[in-house]
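*Asks:* Quick one: the structure is below, and I'll ask about it shortly.
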Amino acid sequence: MAGTDPAAIATTVAELARAEHFTAIEELFAPRLRAVVSGETVRVGWNTEIARIGAVREIGAPGTESIDAELVRVSVPVECERGGLTLIVSVDGAGQLHGFRLAPPAGSWTPPDYATPKRFAEHEITVGDGVTAVPGTLTLPRGKGPFPGAVLLASGPTDRDQTVGPNKPFKDLAWGLASRGIAVLRFDKVNYVHGDVAGEPEFSMVAEYLPTTIAAVHALQQHSRVDSERVFVVGHSGGGKAAPRVGAAEPSIAGVVIMAGDTVPLPRAAVRVANYLAALDPGPHTTATVESIGRQAAAVESPLLSPATATSELLFGWPAAYWLDLRDYDPVETAAALGKPVLVVQGGRDYQVTVEDDLGGWRSGLAEHADAQIKIYDADDHLFFPGTGPSTPAGYQVPNHLDAAVVADIADWLNGGRRPGPLARLARKLGR
């Protein structure tokens with residue numbers, strides 16, 4: 001078909017997806033990828049995106065880059081009726097696929113009005129060490145400091161800017177906070193840079209979030225112009241859910257900001273979101289996607305789930321270890337037990353993490369937490385983009401910026417002079 005030319009193979013994969021020949025795509029998987037991703041998984045992911053951005057109009061020219069001596073990463077732009085996506089595959093010398101994911105298209109970002117670039121400078125850094133080190137960006141206010149610091153924690157395999165179409169909400173947040181005197185460190189997620197990590201049978205929330213985030217916290221604390229006792233973690237969506245766990249694992253963290261953090265069990269939330277999207281675009285393809293997600297969610301919640309359960313049967317291509325670990329983690333209970341300041345922010349138009357289903361968990365669980373605050377932004381969606389009417393995935397593809405009010409409120413909270421408690425100060429003295 002396409003020999004072993006990586007670009008030709010990637011283009012063929014895009015054409016197969018367009019034609020909905022997902023079994024043929026699975027046949028191209030290397031054994032290790034086939035063990036964790038099935039044609040059904042690809043079908044669900046592809047149809048979910050197509051339901052959001054419309055039918056494929058054009059498949060563009062592929063771009064290639066060498067990953068190592070064995071693999072080439074190929075990015076194929078796909079233009080659709082209401083937006084686009086990028087198909088990214090990793091191809092070996094025999095023409096087999098070792099990685100497969102769908103990413104937002106490249107876009108043109110412009111700074112938000114609330115960012116003042118002359119007030120800060122940016123530096124590229126490496127976060128962590130060894131084979132799982134990732135690149136990051138330190139956004140540092142000008143001046144002597146010491147400044148409070150914030151480590152941004154994104155959801156899922158994404159870059160440091162949390163790029164979605166033409167939008168970069170984490171870059172908005174970093175520039176907005178740095179303009180207000182806060183040092184910010186953001187980084188590419190480990191499962192974005194090292195995609196094979198997520199395919200490991202033992203991959204879990206701990207592996208996805210803790211080592212890199214804690215390394216980023218330490219990097220900020222050790223900077224001469226950052227107040228080591230005022231370094232916070234600011235997490236969004238899954239990163240918001242993980243933020244209390246990071247705080248529990250690293251006592252020196254001064255507090256956490258939870259942006260659209262979910263509290264409903266994720267399998268049930270996935271079914272709810274699938275039904276919401278199907279109602280926006282009813283048809284056989286969305287019905288099949290809802291049914292598939294329902295089956296995968298049931299497998300995740302089954303009492304029979306075990307480390308031996310095939311990853312291809314489970315939601316999001318995550319191994320059983322990830323789901324079993326999530327069962328034992330309660331983000332609300334963990335946040336309440338931190339004994340540190342907690343700020344929860346929530347968009348009123350968010351259909352992924354909702355006021356009706358998720359925010360109640362934070363409200364009840366943090367009701368007795370004297371240093372917890374909850375703020376709702378009625379006009380904002382899941383990415384805290386302000387708008388009107390029901391939120392849809394297509395709204396993420398329209399140029400927008402993180403709500404200025406959200407940035408201001410987080411900045412004011414971080415700049416509020418909060419100090420860590422005795423346990424955190426003792427941990428810092430002990431070098432933890």
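In the structure tokens, chains take the letters A, B, ... in the order shown, each chain's residues start at 1, and ligands count up from 1 in the order shown.
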Hey, what's within 7 Å of Arg101 (chain A) if we count only C-alpha atoms and toss same-chain stuff fewer than 6 positions away? As a ChimeraX atom specification, please?

*Replies:* /A:87-89

*Asks:* So that I can see what lies close to region 299-304 of chain A, please list as a VMD selection string the residues with an atom at most 12 Å from it, counting only C-alpha atoms and leaving out residues fewer than 3 positions away in the same chain.

*Replies:* chain A and resid 265 to 268 270 to 271 292 to 296 307 to 327

*Asks:* Any chance you can output those residues with N, CA and C atoms as a compact mmCIF listing (two decimals), in the first residue's frame?

*Replies:*
```txt
# COMPACT_ATOMS: atom_id res chain seq x y z
N PRO A 265 -17.41 10.33 39.49
CA PRO A 265 -16.54 9.29 38.94
C PRO A 265 -16.41 9.44 37.42
N LEU A 266 -15.19 9.38 36.94
CA LEU A 266 -14.91 9.71 35.55
C LEU A 266 -15.65 8.84 34.54
N PRO A 267 -15.82 7.54 34.77
CA PRO A 267 -16.59 6.75 33.79
C PRO A 267 -18.01 7.27 33.61
N ARG A 268 -18.65 7.68 34.71
CA ARG A 268 -20.02 8.19 34.61
C ARG A 268 -20.03 9.55 33.91
N ALA A 270 -17.93 10.47 31.63
CA ALA A 270 -17.68 10.23 30.21
C ALA A 270 -18.97 9.87 29.49
N VAL A 271 -19.81 9.07 30.13
CA VAL A 271 -21.10 8.71 29.53
C VAL A 271 -22.00 9.94 29.43
N SER A 292 -20.45 2.56 22.58
CA SER A 292 -19.09 2.08 22.84
C SER A 292 -18.56 2.65 24.15
N ILE A 293 -18.75 3.95 24.36
CA ILE A 293 -18.29 4.56 25.61
C ILE A 293 -19.01 3.94 26.80
N GLY A 294 -20.29 3.65 26.63
CA GLY A 294 -21.04 3.00 27.70
C GLY A 294 -20.47 1.64 28.05
N ARG A 295 -20.10 0.86 27.04
CA ARG A 295 -19.50 -0.45 27.29
C ARG A 295 -18.16 -0.31 28.02
N GLN A 296 -17.34 0.63 27.54
CA GLN A 296 -16.02 0.82 28.16
C GLN A 296 -16.15 1.34 29.58
N PRO A 307 -5.83 -5.87 37.06
CA PRO A 307 -4.67 -5.48 36.25
C PRO A 307 -4.54 -6.27 34.95
N ALA A 308 -5.20 -7.44 34.89
CA ALA A 308 -5.10 -8.27 33.69
C ALA A 308 -6.11 -7.88 32.62
N THR A 309 -7.06 -6.99 32.95
CA THR A 309 -8.06 -6.57 31.96
C THR A 309 -7.38 -5.86 30.80
N ALA A 310 -7.74 -6.21 29.59
CA ALA A 310 -7.10 -5.63 28.40
C ALA A 310 -7.39 -4.13 28.32
N THR A 311 -6.35 -3.37 28.11
CA THR A 311 -6.49 -1.91 28.00
C THR A 311 -7.43 -1.53 26.88
N SER A 312 -7.44 -2.29 25.81
CA SER A 312 -8.28 -1.97 24.65
C SER A 312 -9.77 -2.01 24.97
N GLU A 313 -10.14 -2.60 26.11
CA GLU A 313 -11.55 -2.67 26.51
C GLU A 313 -11.96 -1.48 27.36
N LEU A 314 -11.01 -0.62 27.72
CA LEU A 314 -11.26 0.41 28.72
C LEU A 314 -11.27 1.81 28.11
N LEU A 315 -11.85 2.75 28.84
CA LEU A 315 -11.96 4.13 28.38
C LEU A 315 -10.60 4.77 28.15
N PHE A 316 -10.52 5.61 27.13
CA PHE A 316 -9.41 6.50 26.84
C PHE A 316 -8.08 5.78 26.57
N GLY A 317 -8.12 4.45 26.44
CA GLY A 317 -6.88 3.71 26.25
C GLY A 317 -6.00 3.69 27.48
N TRP A 318 -6.59 3.96 28.63
CA TRP A 318 -5.82 3.91 29.89
C TRP A 318 -5.82 2.48 30.42
N PRO A 319 -4.72 2.01 30.98
CA PRO A 319 -4.67 0.65 31.50
C PRO A 319 -5.51 0.50 32.77
N ALA A 320 -5.77 -0.75 33.12
CA ALA A 320 -6.57 -1.02 34.32
C ALA A 320 -5.95 -0.40 35.56
N ALA A 321 -4.62 -0.35 35.60
CA ALA A 321 -3.94 0.22 36.77
C ALA A 321 -4.37 1.66 37.02
N TYR A 322 -4.58 2.42 35.93
CA TYR A 322 -5.01 3.82 36.08
C TYR A 322 -6.39 3.87 36.75
N TRP A 323 -7.30 3.05 36.26
CA TRP A 323 -8.67 3.07 36.78
C TRP A 323 -8.75 2.53 38.19
N LEU A 324 -7.99 1.50 38.49
CA LEU A 324 -7.99 0.95 39.85
C LEU A 324 -7.43 1.97 40.84
N ASP A 325 -6.42 2.70 40.42
CA ASP A 325 -5.86 3.75 41.28
C ASP A 325 -6.88 4.87 41.52
N LEU A 326 -7.61 5.27 40.47
CA LEU A 326 -8.61 6.32 40.62
C LEU A 326 -9.70 5.95 41.62
N ARG A 327 -10.04 4.65 41.69
CA ARG A 327 -11.07 4.22 42.62
C ARG A 327 -10.71 4.56 44.06
```

*Asks:* Considering only C-alpha atoms, state which residue in the set A:His236, A:Arg82, A:Arg349, A:Arg73 is at the smallest distance from Ile376 (chain A).

*Replies:*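 Closest to Ile376 (chain A), using only C-alpha atoms: A:Arg349.
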
*Asks:* Just checking: using only C-alpha atoms, which residue out of A:Gly60, A:Gly130, A:Pro148, A:Pro112 ends up closest to Gln221 (chain A)?

*Replies:* A:Pro148

*Asks:* Using only C-alpha atoms, can you tell me which of A:Ala10, A:Met259, A:Val164, A:Leu138 comes closest to Val91 (chain A)?

*Replies:* A:Ala10

*Asks:* Quick one: residues within 7 Å of Lys241 (chain A), only C-alpha atoms, excluding same-chain residues fewer than 2 positions away - as number ranges by chain?

*Replies:* A: 237-239, 243-244, 261-262, 331

*Asks:* Would you write out those residues with N, CA and C atoms, as a PDB file, in the first residue's frame?

*Replies:*
```pdb
ATOM      1  N   SER A 237      -9.080  20.849  35.109  1.00  0.00           N
ATOM      2  CA  SER A 237      -9.790  19.632  34.744  1.00  0.00           C
ATOM      3  C   SER A 237      -9.140  18.434  35.447  1.00  0.00           C
ATOM      4  N   GLY A 238      -8.617  17.454  34.697  1.00  0.00           N
ATOM      5  CA  GLY A 238      -7.933  16.344  35.353  1.00  0.00           C
ATOM      6  C   GLY A 238      -6.762  16.808  36.190  1.00  0.00           C
ATOM      7  N   GLY A 239      -6.099  17.893  35.741  1.00  0.00           N
ATOM      8  CA  GLY A 239      -5.023  18.473  36.538  1.00  0.00           C
ATOM      9  C   GLY A 239      -5.541  19.082  37.821  1.00  0.00           C
ATOM     10  N   ALA A 243      -4.449  17.993  41.553  1.00  0.00           N
ATOM     11  CA  ALA A 243      -3.719  18.982  42.349  1.00  0.00           C
ATOM     12  C   ALA A 243      -3.709  18.666  43.848  1.00  0.00           C
ATOM     13  N   PRO A 244      -4.831  18.274  44.470  1.00  0.00           N
ATOM     14  CA  PRO A 244      -4.759  17.925  45.894  1.00  0.00           C
ATOM     15  C   PRO A 244      -3.842  16.738  46.174  1.00  0.00           C
ATOM     16  N   GLY A 261     -12.283  21.181  38.327  1.00  0.00           N
ATOM     17  CA  GLY A 261     -11.899  19.848  38.767  1.00  0.00           C
ATOM     18  C   GLY A 261     -13.126  18.971  38.947  1.00  0.00           C
ATOM     19  N   ASP A 262     -13.111  17.776  38.382  1.00  0.00           N
ATOM     20  CA  ASP A 262     -14.277  16.900  38.450  1.00  0.00           C
ATOM     21  C   ASP A 262     -14.311  16.116  39.758  1.00  0.00           C
ATOM     22  N   PRO A 331     -10.555  13.274  45.449  1.00  0.00           N
ATOM     23  CA  PRO A 331      -9.909  14.594  45.404  1.00  0.00           C
ATOM     24  C   PRO A 331     -10.461  15.558  46.443  1.00  0.00           C
TER      25      PRO A 331
END
```

*Asks:* Under the rule that only C-alpha atoms are counted, which of A:Ala121, A:Ala216, A:Ile182, A:Ala274 is the nearest residue to Ala133 (chain A)?

*Replies:* A:Ala216

*Asks:* Which distance in Å separates CA of Ala103 (chain A) and CA of Val56 (chain A), to one decimal?

*Replies:*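 Pair CA of Ala103 (chain A) / CA of Val56 (chain A) returns 14.9 Å.
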
*Asks:* Give me, as a list in words, all polymer residues having an atom no more than 8 Å from Lys171 (chain A), counting only C-alpha atoms and skipping those fewer than 2 positions away in the same chain.

*Replies:*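 Non-adjacent residues within range: Arg160, Asp161, Gln162, Lys168, Pro169, Leu173, Ala174 and Trp175 of chain A.
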
*Asks:* Could you write out the selected residues, including N, CA and C atoms, as a PDB file, in the first residue's frame?

*Replies:*
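Listed below is the output, result.pdb:
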```pdb
ATOM      1  N   ARG A 160       2.490  22.437  26.971  1.00  0.00           N
ATOM      2  CA  ARG A 160       2.526  23.333  28.125  1.00  0.00           C
ATOM      3  C   ARG A 160       1.507  24.463  28.046  1.00  0.00           C
ATOM      4  N   ASP A 161       1.083  24.802  26.824  1.00  0.00           N
ATOM      5  CA  ASP A 161       0.128  25.894  26.645  1.00  0.00           C
ATOM      6  C   ASP A 161      -1.317  25.412  26.661  1.00  0.00           C
ATOM      7  N   GLN A 162      -1.505  24.096  26.745  1.00  0.00           N
ATOM      8  CA  GLN A 162      -2.826  23.476  26.652  1.00  0.00           C
ATOM      9  C   GLN A 162      -3.514  23.911  25.351  1.00  0.00           C
ATOM     10  N   LYS A 168      -4.610  29.072  23.439  1.00  0.00           N
ATOM     11  CA  LYS A 168      -3.592  28.574  24.363  1.00  0.00           C
ATOM     12  C   LYS A 168      -3.931  29.071  25.777  1.00  0.00           C
ATOM     13  N   PRO A 169      -4.918  28.451  26.422  1.00  0.00           N
ATOM     14  CA  PRO A 169      -5.375  28.968  27.714  1.00  0.00           C
ATOM     15  C   PRO A 169      -4.315  28.989  28.803  1.00  0.00           C
ATOM     16  N   LEU A 173      -2.935  32.201  30.855  1.00  0.00           N
ATOM     17  CA  LEU A 173      -2.863  32.254  32.312  1.00  0.00           C
ATOM     18  C   LEU A 173      -1.460  32.611  32.782  1.00  0.00           C
ATOM     19  N   ALA A 174      -0.447  32.000  32.176  1.00  0.00           N
ATOM     20  CA  ALA A 174       0.935  32.284  32.579  1.00  0.00           C
ATOM     21  C   ALA A 174       1.284  33.749  32.350  1.00  0.00           C
ATOM     22  N   TRP A 175       0.937  34.279  31.187  1.00  0.00           N
ATOM     23  CA  TRP A 175       1.256  35.682  30.894  1.00  0.00           C
ATOM     24  C   TRP A 175       0.430  36.627  31.764  1.00  0.00           C
TER      25      TRP A 175
END
```

*Asks:* List as a PyMOL selection string the protein and nucleic acid residues near region 412-417 of chain A, meaning an atom at most 9 Å away when only C-alpha atoms are counted, but skip any in the same chain fewer than 4 places from it.

*Replies:* chain A and resi 147-150+180-182+230-232+255+343+407-408

*Asks:* Taking only region 58-277 of chain A into account, list the residues labelled alpha helix (DSSP H) by DSSP (computed from the backbone), as number ranges by chain.

*Replies:* A: 169-179, 190-193, 205-221, 238-249, 266-277

*Asks:* Store the residues picked out above in a file with C-alpha atoms, as a PDB file, in the first residue's frame.

*Replies:*
```pdb
ATOM      1  CA  PRO A 169      -5.375  28.968  27.714  1.00  0.00           C
ATOM      2  CA  PHE A 170      -2.335  28.069  29.831  1.00  0.00           C
ATOM      3  CA  LYS A 171      -0.206  30.605  27.984  1.00  0.00           C
ATOM      4  CA  ASP A 172      -2.959  33.151  28.637  1.00  0.00           C
ATOM      5  CA  LEU A 173      -2.863  32.254  32.312  1.00  0.00           C
ATOM      6  CA  ALA A 174       0.935  32.284  32.579  1.00  0.00           C
ATOM      7  CA  TRP A 175       1.256  35.682  30.894  1.00  0.00           C
ATOM      8  CA  GLY A 176      -1.669  37.099  32.872  1.00  0.00           C
ATOM      9  CA  LEU A 177      -0.284  35.943  36.219  1.00  0.00           C
ATOM     10  CA  ALA A 178       3.281  37.031  35.430  1.00  0.00           C
ATOM     11  CA  SER A 179       1.952  40.472  34.482  1.00  0.00           C
ATOM     12  CA  VAL A 190       4.972  13.447  30.250  1.00  0.00           C
ATOM     13  CA  ASN A 191       2.373  11.481  28.246  1.00  0.00           C
ATOM     14  CA  TYR A 192       2.565  14.149  25.523  1.00  0.00           C
ATOM     15  CA  VAL A 193       6.353  14.064  25.186  1.00  0.00           C
ATOM     16  CA  MET A 205      -2.461   9.186  37.864  1.00  0.00           C
ATOM     17  CA  VAL A 206       0.598   9.027  40.106  1.00  0.00           C
ATOM     18  CA  ALA A 207       2.924   8.432  37.153  1.00  0.00           C
ATOM     19  CA  GLU A 208       1.149  11.000  34.994  1.00  0.00           C
ATOM     20  CA  TYR A 209       1.182  13.865  37.478  1.00  0.00           C
ATOM     21  CA  LEU A 210       3.306  13.547  40.595  1.00  0.00           C
ATOM     22  CA  PRO A 211       6.988  13.211  39.580  1.00  0.00           C
ATOM     23  CA  THR A 212       6.990  15.999  36.983  1.00  0.00           C
ATOM     24  CA  THR A 213       4.817  18.371  38.985  1.00  0.00           C
ATOM     25  CA  ILE A 214       6.853  17.950  42.156  1.00  0.00           C
ATOM     26  CA  ALA A 215      10.058  18.484  40.160  1.00  0.00           C
ATOM     27  CA  ALA A 216       8.533  21.711  38.781  1.00  0.00           C
ATOM     28  CA  VAL A 217       7.579  22.848  42.290  1.00  0.00           C
ATOM     29  CA  HIS A 218      11.136  22.272  43.493  1.00  0.00           C
ATOM     30  CA  ALA A 219      12.551  24.135  40.488  1.00  0.00           C
ATOM     31  CA  LEU A 220      10.457  27.182  41.350  1.00  0.00           C
ATOM     32  CA  GLN A 221      11.265  26.969  45.055  1.00  0.00           C
ATOM     33  CA  GLY A 238      -7.933  16.344  35.353  1.00  0.00           C
ATOM     34  CA  GLY A 239      -5.023  18.473  36.538  1.00  0.00           C
ATOM     35  CA  GLY A 240      -7.406  20.133  38.979  1.00  0.00           C
ATOM     36  CA  LYS A 241      -8.480  16.741  40.279  1.00  0.00           C
ATOM     37  CA  ALA A 242      -4.818  15.738  40.640  1.00  0.00           C
ATOM     38  CA  ALA A 243      -3.719  18.982  42.349  1.00  0.00           C
ATOM     39  CA  PRO A 244      -4.759  17.925  45.894  1.00  0.00           C
ATOM     40  CA  ARG A 245      -2.894  14.657  45.425  1.00  0.00           C
ATOM     41  CA  VAL A 246       0.232  16.588  44.526  1.00  0.00           C
ATOM     42  CA  GLY A 247      -0.291  18.751  47.606  1.00  0.00           C
ATOM     43  CA  ALA A 248      -0.620  15.673  49.796  1.00  0.00           C
ATOM     44  CA  ALA A 249       2.566  14.175  48.351  1.00  0.00           C
ATOM     45  CA  LEU A 266     -14.905   9.713  35.552  1.00  0.00           C
ATOM     46  CA  PRO A 267     -16.586   6.751  33.788  1.00  0.00           C
ATOM     47  CA  ARG A 268     -20.019   8.190  34.612  1.00  0.00           C
ATOM     48  CA  ALA A 269     -18.935  11.659  33.526  1.00  0.00           C
ATOM     49  CA  ALA A 270     -17.675  10.228  30.211  1.00  0.00           C
ATOM     50  CA  VAL A 271     -21.099   8.711  29.525  1.00  0.00           C
ATOM     51  CA  ARG A 272     -22.818  11.980  30.461  1.00  0.00           C
ATOM     52  CA  VAL A 273     -20.590  13.978  28.099  1.00  0.00           C
ATOM     53  CA  ALA A 274     -21.072  11.437  25.299  1.00  0.00           C
ATOM     54  CA  ASN A 275     -24.841  11.774  25.623  1.00  0.00           C
ATOM     55  CA  TYR A 276     -24.578  15.573  25.639  1.00  0.00           C
ATOM     56  CA  LEU A 277     -22.538  15.575  22.439  1.00  0.00           C
TER      57      LEU A 277
END
```

*Asks:* Which residues are near Phe22 (chain A)? Cut-off 7 Å, only C-alpha atoms, ignore same chain within fewer than 4 positions. Put them as a ChimeraX atom specification.

*Replies:* /A:16-17,26,39,42-43

*Asks:* Here is a test: counting only C-alpha atoms, which residue of A:Asp129, A:Glu70, A:Asp196, A:Glu291 is nearest to Phe100 (chain A)?

*Replies:* A:Asp196

*Asks:* Pick out the residues sitting within 7 Å of Val134 (chain A), and hand them over as a CSV table (one decimal) with N, CA and C atoms, in the first residue's frame; count only C-alpha atoms, and ignore anything fewer than 5 positions along from it in its own chain.

*Replies:*
```csv
chain,number,residue,atom,x,y,z
A,126,THR,N,14.2,22.6,31.5
A,126,THR,CA,13.9,21.1,31.5
A,126,THR,C,13.4,20.8,32.9
A,127,VAL,N,12.2,20.1,32.9
A,127,VAL,CA,11.6,19.7,34.2
A,127,VAL,C,11.8,18.2,34.4
A,128,GLY,N,12.4,17.9,35.6
A,128,GLY,CA,12.6,16.5,35.8
A,128,GLY,C,14.0,16.0,35.2
A,187,PHE,N,4.7,23.1,31.7
A,187,PHE,CA,5.5,22.2,31.0
A,187,PHE,C,4.6,21.2,30.2
A,188,ASP,N,5.3,20.6,29.2
A,188,ASP,CA,4.6,19.6,28.4
A,188,ASP,C,4.4,18.4,29.2
A,190,VAL,N,4.1,14.6,30.5
A,190,VAL,CA,5.0,13.4,30.2
A,190,VAL,C,4.3,12.5,29.2
A,193,VAL,N,5.0,14.2,25.7
A,193,VAL,CA,6.4,14.1,25.2
A,193,VAL,C,6.8,12.6,25.0
```

*Asks:* Quote the spacing between CA of Gly389 (chain A) and CA of Thr158 (chain A) in Å to one decimal place.

*Replies:*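 Result for CA of Gly389 (chain A) versus CA of Thr158 (chain A): 27.3 Å, one decimal.
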
*Asks:* What is the distance, in Å and to one decimal place, between CA of Pro141 (chain A) and CA of Ala411 (chain A)?

*Replies:*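 Computing it gives 12.9 Å between the two atoms.
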
*Asks:* Find, counting only C-alpha atoms, the residue in A:Leu28, A:Ala51, A:Ile410, A:Val332 that gets nearest to Val234 (chain A).

*Replies:* A:Ile410
